[in-house]
Every structure is written in structure tokens, then in C-alpha cells.
Amino acid sequence: MHLSELTHPNQLHDLSLHQLEQLARQIREKHLETIAASGGHLGPGLGVVELTLALYQTLDLDHDKVVWDVGHQAYPHKLLTGRYSQFHTLRQKDGVAGYLKRSENRFDHFGAGHASTSISAALGMAIARDRKGEDYKVAAIIGDGALTGGMALEAINHAGHLPDTNLLVVLNDNEMSISPNVGAIPRYLNKMRLSPPMQFLTDNLEEQLRHIPFVGDSISPVKEGMKRLAVPKVGAVFEELGFTYMGPVDGHNLSELIATFKEAHHIPGPVLVHVATVKGKGYEIAENDQVGYHAQSPFDLVTGKAKPSKTPKPPTYAKVFGNTLTKIAEDNPKVVGITAAMATGTALDILGKKLPGQYIDVGIAEQHAVTLAAGMATQGMRPVAAIYSTFLQRAFDQIIHDVCIQKLPVFFCLDRAGIVGADGPTHQGMYDIAYMRCIPNMVLMAPKDEAELQRMIVTGIEYTDGPIAVRYPRGNGIGAPLMEEGWEPLPIGKGEVLRNGDDLLILGYGSMVYPALQTAEILSEHGIEATVVNARFAKPLDEALILPLAERLGRVVTLEEGCIMGGFGTAIAEALLDAQVTVPVLRLGVPDILVDHATPDQSKIDLGLTPSQMAETILAKFKLAQSIPMAVPQA
Ligand SMILES: Cc1ncc(C[n+]2csc(CCOP(=O)(O)OP(=O)(O)O)c2C)c(N)n1
């Protein structure tokens, strides 16, 4: 059977080991060919091909439920659940999503994108099953990286306390988060991986035990005891926490995996199968550079090299952040950069390489990262929590309870703020303005370009009155000239006027400042002249600048790359209302919808956020001129 003929995962039940091996090859081919063409997560999926095939051969997926953690490694799952023919559309607009989505496929039993949720969700299903008197298996598949997240540990704490609730946890241990996994738990797992494989040990033991008089008949309990006796360390922590531990199992040996899963399905209560896998398995280039090939933009399969872009691009906002912070940290030993398992993504690895003593990777632990920063701040350090906008959502309470209530000077640097593109709704940086703005003592800023980001970084470091945050977008800067050093901090809560006009006021925040200027130029072609302000701060707002301008011009437009509800435009509307400046306000940004995977340019078109679309909306809203239909821009 060829992979393309497989329409239902239960078709795997009848396949021989040889046929499964052929499928494994085909999955890897399709996986590589697709990601080479359009980009996506590469190493994680290659590492779980055999694990997926073996698990699915032992489950009845018409009834049993599988919950994948994060979902970035679930491309083999997608190929085995009827999405082969659309797989070439992966991560493209209207195509197959890069993560799992309940709305996409009935075998996607739980959506994800953020890490460490799988055991909680699977346990929830298992408890619901038992309450309803139903009978099916539930399995959670979690990586060793995701296992370092607090939620996973909370779920293990709960599951281990429920001996009557059958639940399978498959630990996909490839020793890697995106970067090498860090912490005491990965160290413990590594120790176990170095132990003799379970199968070998138990088979041998079983054989020897059978020949012992009086023992042969009651092998099972004795075997368990002997297993622990022989290798006291293997899985002891999980066993003590109430799980039956099995492993480590070779994650690329199909027969060993199948035998282990079959056995695991018969063990009552929570069971953890520890599977040792290799990230990037089967593609040597990815095996040798597991960080670089965690995810890839389109690349050449033979050389592994990313396809060069047609025009040279300015550095990414992340790189500008990493380089600037490192430069500042060199002169200020109190500065410490904290990442939650996103060293390369945030470019904090630049700091880590140059000044390892001023760099901390806490693992996938955003909540801990924030409170750790708060603790350091109490002792006079300048902690910089560099966390993507989407992942900082995890630490909302820590921001309020540990940082803002105590007015501690933690500097939050929120990368990937705004529309992120192919990763879709779980990763959009849409909410940070709203969720940070409502907390007392917080200062919020966003740069119009990468040069202003440099100034905001130095502003954040020098501001010690309380917490402060800067948000900046995914991807490349706009080519603004950068300074090597000597950045001037910005006055807190002050904006700047970039253009003068008498017909309306456009207030841009962060990445929407230049589009605000472009919009103003289009309006000018229609005889409408706008004043454009770079707000720089969403909190505190530059009311001394904004309110008189709004009153004089009589029409206000706000532009932001984030949710409108509670966001920057809402802040402006509230300020106008409170000051009794009653002028019409048009808030442009992301309305109350989820933004699906697509390129950022496509999403902006769909949201009406290109300059020509915004100009048209403004003309129509204020009935300023005959609205002229403009060609819908093509991404
Ligand atoms: C809450 C959260 N923080 C950070 C990330 C970014 N992230 C995606 S995958 C990943 C590494 C996961 O490692 P592991 O669970 O071991 O899976 P592997 O990639 O090794 O298969 C990280 C940090 C995330 N998805 N969610």
C-alpha cells in the first residue's frame, strides 16, 4: 500500500512490519519534499514517524483519542489521517494548517500550538470518558521540551493521583527543545536514555525468571520488582508519581515500539512510555543541525541550504534586539536576558554566546521566567524577559501579581507582536496591547522601525520606576539605519508628529506607523491632508499631544497590528471620552476574529490593513470624498 492510498489510520492494522517500514520511508519523502518547497517544521516530524505508525497500529482511531503536544511534530499524523493529497498546501492560506485543529480533521482530537497542554487535555478526555461510562483509549504525546513546562507537570501530578483512570503518556524524548533542552528534568531523562533499553532487560529477566522454581508462575510482579532492583534509577521518578514507566524504547524500531504500546494498553492507570527518538531522523543534514532544522523556510533538499531571497533583506527585529541588548549588557553587568526556550527565535542566543553569565534559558516556562525576573528585579538587577507576544499570554497572572503589583522594574521584550503568518491563530501576537494595557504600573511602547527599537531597548533598560514593555513584529526591519552604540533613550509617554495636515489625525502604533504615512499619501491624492503621529507609547499616552490635535482636526483614525478590543485605538477612544473630546474615531486593526494561517501580506489584505484599503475605509467612514473603489492589492 502506498501512503497516498491510505484514507483511514485503521488501515494500518493489517499491515506487516515491512509494509510499515515502506510507509515510514514514504512519509519521510513527502514530509521533506513538502517542507523543502514551502517551509515548515522539519526535524520534529521526522523524529516521530515510527512512533506514530506504531501507536496508530495499536489503536482504533474511530474511538481512541490521541492528543499531540504543540502539534508541530504531527505532520506524519496528518499524512496518515487523510490529508496526503492536500499536504502540498501546508501552512499556506486555505491549506493544511501547520498545527492540529479540531476543525480541520476528525482525528485532530485537540488543537494546539503552544506547548505542554497535551497531558491536561488527554486527562480531561479520560475523566470524561469514565464519567460517561465509555470505553476508549486516550494517549498524549509530549516532547521532552514540553515536559519542562509547568502545565505538563501539573497534569502529571494530577494523573498520577488517579490510579483508576487509564491514560497513556508517550514521552517523545529527542533531547532537544528547539535548542538543546535545559534543566534538571532533561538531565534525568538523559540518564535514563543511557540505561539499557527496557525490552532487552525485561526479555532477559523474564527468560531467567521462568527457570527459577516457584517463581515461574508469578513472573509479572517479580519482574516488576526485579526491574526496579536491576535499574533503580530508570523511571523511578515517574513510578513514584503514580505512573507505570516503560522504557526507554528505541523510537525508530517499529517492532519494539509496537510490542511496547500493545503491552502499555493493557496496563491499568496512568502509563508513561519513554521513547528515545532522534530529531530530524532520516535526513542527515537535519540530524547534524537539529537547532537549524527544527523549522525551515524553503530550502534545497540536496544541500539543505535555504533558498536565497531575491533581494538582500535588512536584519530582523529579533537580531536588532539581540545585538543591541548584548551591546548594552557588555557595559551593564546588571542586565540579564531571560528566554523561555526561544534562544534563537528571540536572538537572545547572541547575548548567551557573548555573555553567558548574563543569560538564562529557563525551558518552556514563561510563568517561571516572569516571576524569576521579578525576583531578580527586587535585588537590583535589570532582568529582560524576551518572550514572544503569544507565549507571554501564559504568564498573565505573573505579570500582574509578581511584577506590576510590586512595581518591579522588569523589562518585557515581546517579539512576534502582530500578524505572524503561517503559524496561524495560536501564534498570532494579537492580544498583548490589550492584556498589558489594563494592568496598573505598566508602560507600553512599540517602535516604528528597527532604529527606534534600538532606542526603546535603551529606554527600557534605563527606566527603573517599574515594569516596561516593548512590542515589535516578526521578520525583517524596514532598512532604517542602525547605530552601533550611543542610543538616546526616549522620553516616557511622548509621541512624535511625522506629518502635518488639517483634515484628520492618524495615530499609528509600532509597525503601523509607516503604513499610516503611506495611507496619508494616498489620501493626499484625494485632496485630504492628514496629520500623522507616531504614538510610540500606548501607555502612558501622549495626551498633551494627541487630545488638542484630535479636537482641532475633528476626526481621528487609529492604526495598530493587534486586536482592536482593548488595544491602542481603544486607549485613544477612552482618553478622548474621558477628556470629553467628542470626535468621531475610526479604529483600524484586527477585529474580533481569529486570523488563520497565511502570509502576513495575505492576512493584511483580508483584514483591510493595506494603505490603499485603509485610505478607502477612511474616505468612506468620514464621507470625505467620493469613495473610489481601489484594486484589491495582491500579496
Ligand atoms: C508555551 C510555548 N512556549 C514556546 C513554544 C515554542 N516551541 C515550539 S516547539 C518548542 C520545542 C518543543 O520541544 P519538544 O517538546 O521536545 O518537541 P520537539 O520539537 O523536540 O519535538 C518550543 C519551545 C511553544 N510552542 N509554546
# chains A, B, ... in the order shown; residues from 1 in each chain; ligands from 1
call {"tool": "closest_atom_pairs", "arguments": {"of": "segment 230-331 of chain A", "to": "segment 113-127 of chain A", "cutoff": "12 Å", "atoms": "only C-alpha atoms", "output": "tab-separated table"}}
result
residue	atom	partner	partner_atom	distance
A:Gly269	CA	A:Ala126	CA	10.5
A:Pro270	CA	A:Leu123	CA	9.4
A:Val271	CA	A:Ile119	CA	11.6
A:Leu272	CA	A:Ile119	CA	10.8
call {"tool": "write_last_selection", "arguments": {"atoms": "C-alpha atoms", "output": "JSON list (two decimals), in the first residue's frame"}}
result
[["chain", "number", "residue", "atom", "x", "y", "z"],
["A", 269, "GLY", "CA", -3.97, 3.57, 35.36],
["A", 270, "PRO", "CA", -1.55, 6.16, 34.06],
["A", 271, "VAL", "CA", 1.30, 4.74, 31.99],
["A", 272, "LEU", "CA", 4.30, 6.60, 30.63]]
call {"tool": "residues_near_ligand", "arguments": {"ligand": "ligand 1", "cutoff": "6 Å", "atoms": "only C-alpha atoms and all ligand atoms", "output": "list of chain:residue names"}}
result
A:Pro44, A:Val70, A:Gln73, A:Gly113, A:His114, A:Ala115, A:Ile142, A:Gly143, A:Asp144, A:Gly145, A:Ala146, A:Asn174, A:Met176, A:Ser177, A:Ile178, A:Ala341, A:Met342, A:Ile364, A:Phe391
call {"tool": "write_last_selection", "arguments": {"atoms": "C-alpha atoms", "output": "mmCIF file, in the first residue's frame"}}
result
data_model
loop_
_atom_site.group_PDB
_atom_site.id
_atom_site.type_symbol
_atom_site.label_atom_id
_atom_site.label_comp_id
_atom_site.auth_asym_id
_atom_site.auth_seq_id
_atom_site.Cartn_x
_atom_site.Cartn_y
_atom_site.Cartn_z
ATOM 1 C CA PRO A 44 10.234 17.228 14.921
ATOM 2 C CA VAL A 70 2.300 21.588 20.320
ATOM 3 C CA GLN A 73 5.619 17.277 15.022
ATOM 4 C CA GLY A 113 0.357 25.353 19.032
ATOM 5 C CA HIS A 114 1.551 26.243 22.496
ATOM 6 C CA ALA A 115 3.482 23.646 24.447
ATOM 7 C CA ILE A 142 4.624 15.059 24.623
ATOM 8 C CA GLY A 143 8.197 16.075 23.870
ATOM 9 C CA ASP A 144 10.951 16.298 26.451
ATOM 10 C CA GLY A 145 10.956 20.066 25.858
ATOM 11 C CA ALA A 146 7.257 20.423 26.509
ATOM 12 C CA ASN A 174 14.830 13.613 21.415
ATOM 13 C CA MET A 176 16.031 18.749 22.199
ATOM 14 C CA SER A 177 13.622 21.564 22.752
ATOM 15 C CA ILE A 178 14.173 23.957 19.825
ATOM 16 C CA ALA A 341 13.248 28.069 25.336
ATOM 17 C CA MET A 342 13.358 30.546 22.453
ATOM 18 C CA ILE A 364 9.349 26.214 28.191
ATOM 19 C CA PHE A 391 3.712 32.877 24.674
#
call {"tool": "residues_around", "arguments": {"residues": "Leu490 of chain A", "least_positions_apart": "2", "cutoff": "8 Å", "atoms": "only C-alpha atoms", "output": "NGL selection string"}}
result
:A and (455-456 or 459 or 488 or 492 or 494)
call {"tool": "select_by_dssp", "arguments": {"residues": "segment 200-401 of chain A", "states": "alpha helix (DSSP H)", "output": "PyMOL selection string"}}
result
chain A and resi 200-210+219-230+236-240+254-265+284-288+317-331+343-346+349-354+366-378+389-392+396-397
call {"tool": "select_by_dssp", "arguments": {"residues": "segment 458-521 of chain A", "states": "strand (DSSP E)", "output": "count of residues only"}}
result
13
call {"tool": "closest_residue", "arguments": {"among": "A:Phe568, A:Tyr388, A:Tyr359, A:Tyr463", "to": "Lys407 of chain A", "atoms": "only C-alpha atoms"}}
result
A:Tyr463
call {"tool": "closest_residue", "arguments": {"among": "A:Gly477, A:Gly418, A:Pro447, A:Gly47", "to": "Asp250 of chain A", "atoms": "only C-alpha atoms"}}
result
A:Gly47
call {"tool": "closest_residue", "arguments": {"among": "A:Lys191, A:His41, A:His252, A:Lys93", "to": "Gly424 of chain A", "atoms": "only C-alpha atoms"}}
result
A:Lys93
call {"tool": "closest_residue", "arguments": {"among": "A:Ile328, A:Val590, A:Ala573, A:Leu53", "to": "Tyr431 of chain A", "atoms": "only C-alpha atoms"}}
result
A:Val590
call {"tool": "closest_residue", "arguments": {"among": "A:Pro473, A:Gly508, A:Gly242, A:Pro467", "to": "Leu588 of chain A", "atoms": "only C-alpha atoms"}}
result
A:Gly508
call {"tool": "closest_residue", "arguments": {"among": "A:Gly475, A:Gly95, A:Gly45, A:Gly569", "to": "Trp68 of chain A", "atoms": "only C-alpha atoms"}}
result
A:Gly45
call {"tool": "atom_distance", "arguments": {"atom1": "atom CA of Gly460 of chain A", "atom2": "atom CA of Met565 of chain A"}}
result
25.9 Å
call {"tool": "atom_distance", "arguments": {"atom1": "atom CA of Tyr75 of chain A", "atom2": "atom CA of Glu29 of chain A"}}
result
11.9 Å
call {"tool": "residues_around", "arguments": {"residues": "His401 of chain A", "least_positions_apart": "6", "cutoff": "12 Å", "atoms": "only C-alpha atoms", "output": "ChimeraX atom specification"}}
result
/A:367,370-371,374,395,407-408,439-441
call {"tool": "residues_around", "arguments": {"residues": "Val138 of chain A", "least_positions_apart": "2", "cutoff": "9 Å", "atoms": "only C-alpha atoms", "output": "ChimeraX atom specification"}}
result
/A:64-67,122-123,125-126,136,140,166-169
call {"tool": "write_last_selection", "arguments": {"atoms": "C-alpha atoms", "output": "mmCIF file, in the first residue's frame"}}
result
data_model
loop_
_atom_site.group_PDB
_atom_site.id
_atom_site.type_symbol
_atom_site.label_atom_id
_atom_site.label_comp_id
_atom_site.auth_asym_id
_atom_site.auth_seq_id
_atom_site.Cartn_x
_atom_site.Cartn_y
_atom_site.Cartn_z
ATOM 1 C CA ASP A 64 -9.417 6.060 20.681
ATOM 2 C CA LYS A 65 -8.127 9.603 21.027
ATOM 3 C CA VAL A 66 -4.638 10.975 20.549
ATOM 4 C CA VAL A 67 -3.514 14.383 21.754
ATOM 5 C CA ALA A 122 -5.879 13.962 27.452
ATOM 6 C CA LEU A 123 -6.586 13.508 31.155
ATOM 7 C CA MET A 125 -10.873 13.319 27.982
ATOM 8 C CA ALA A 126 -10.079 10.234 30.044
ATOM 9 C CA TYR A 136 -11.753 4.016 24.599
ATOM 10 C CA ALA A 140 -0.951 12.141 24.965
ATOM 11 C CA ASN A 166 -6.410 4.795 32.203
ATOM 12 C CA LEU A 167 -4.167 7.199 30.347
ATOM 13 C CA LEU A 168 -1.155 6.695 28.121
ATOM 14 C CA VAL A 169 1.534 9.358 28.020
#
call {"tool": "residues_around", "arguments": {"residues": "segment 410-417 of chain A", "least_positions_apart": "6", "cutoff": "8 Å", "atoms": "only C-alpha atoms", "output": "ChimeraX atom specification"}}
result
/A:317-318,346,373-374,377,382-390,392,403,428-430,432,460-461,466-475,561-562
call {"tool": "residues_around", "arguments": {"residues": "Gln290 of chain A", "least_positions_apart": "5", "cutoff": "7 Å", "atoms": "only C-alpha atoms", "output": "ChimeraX atom specification"}}
result
/A:43,279-280
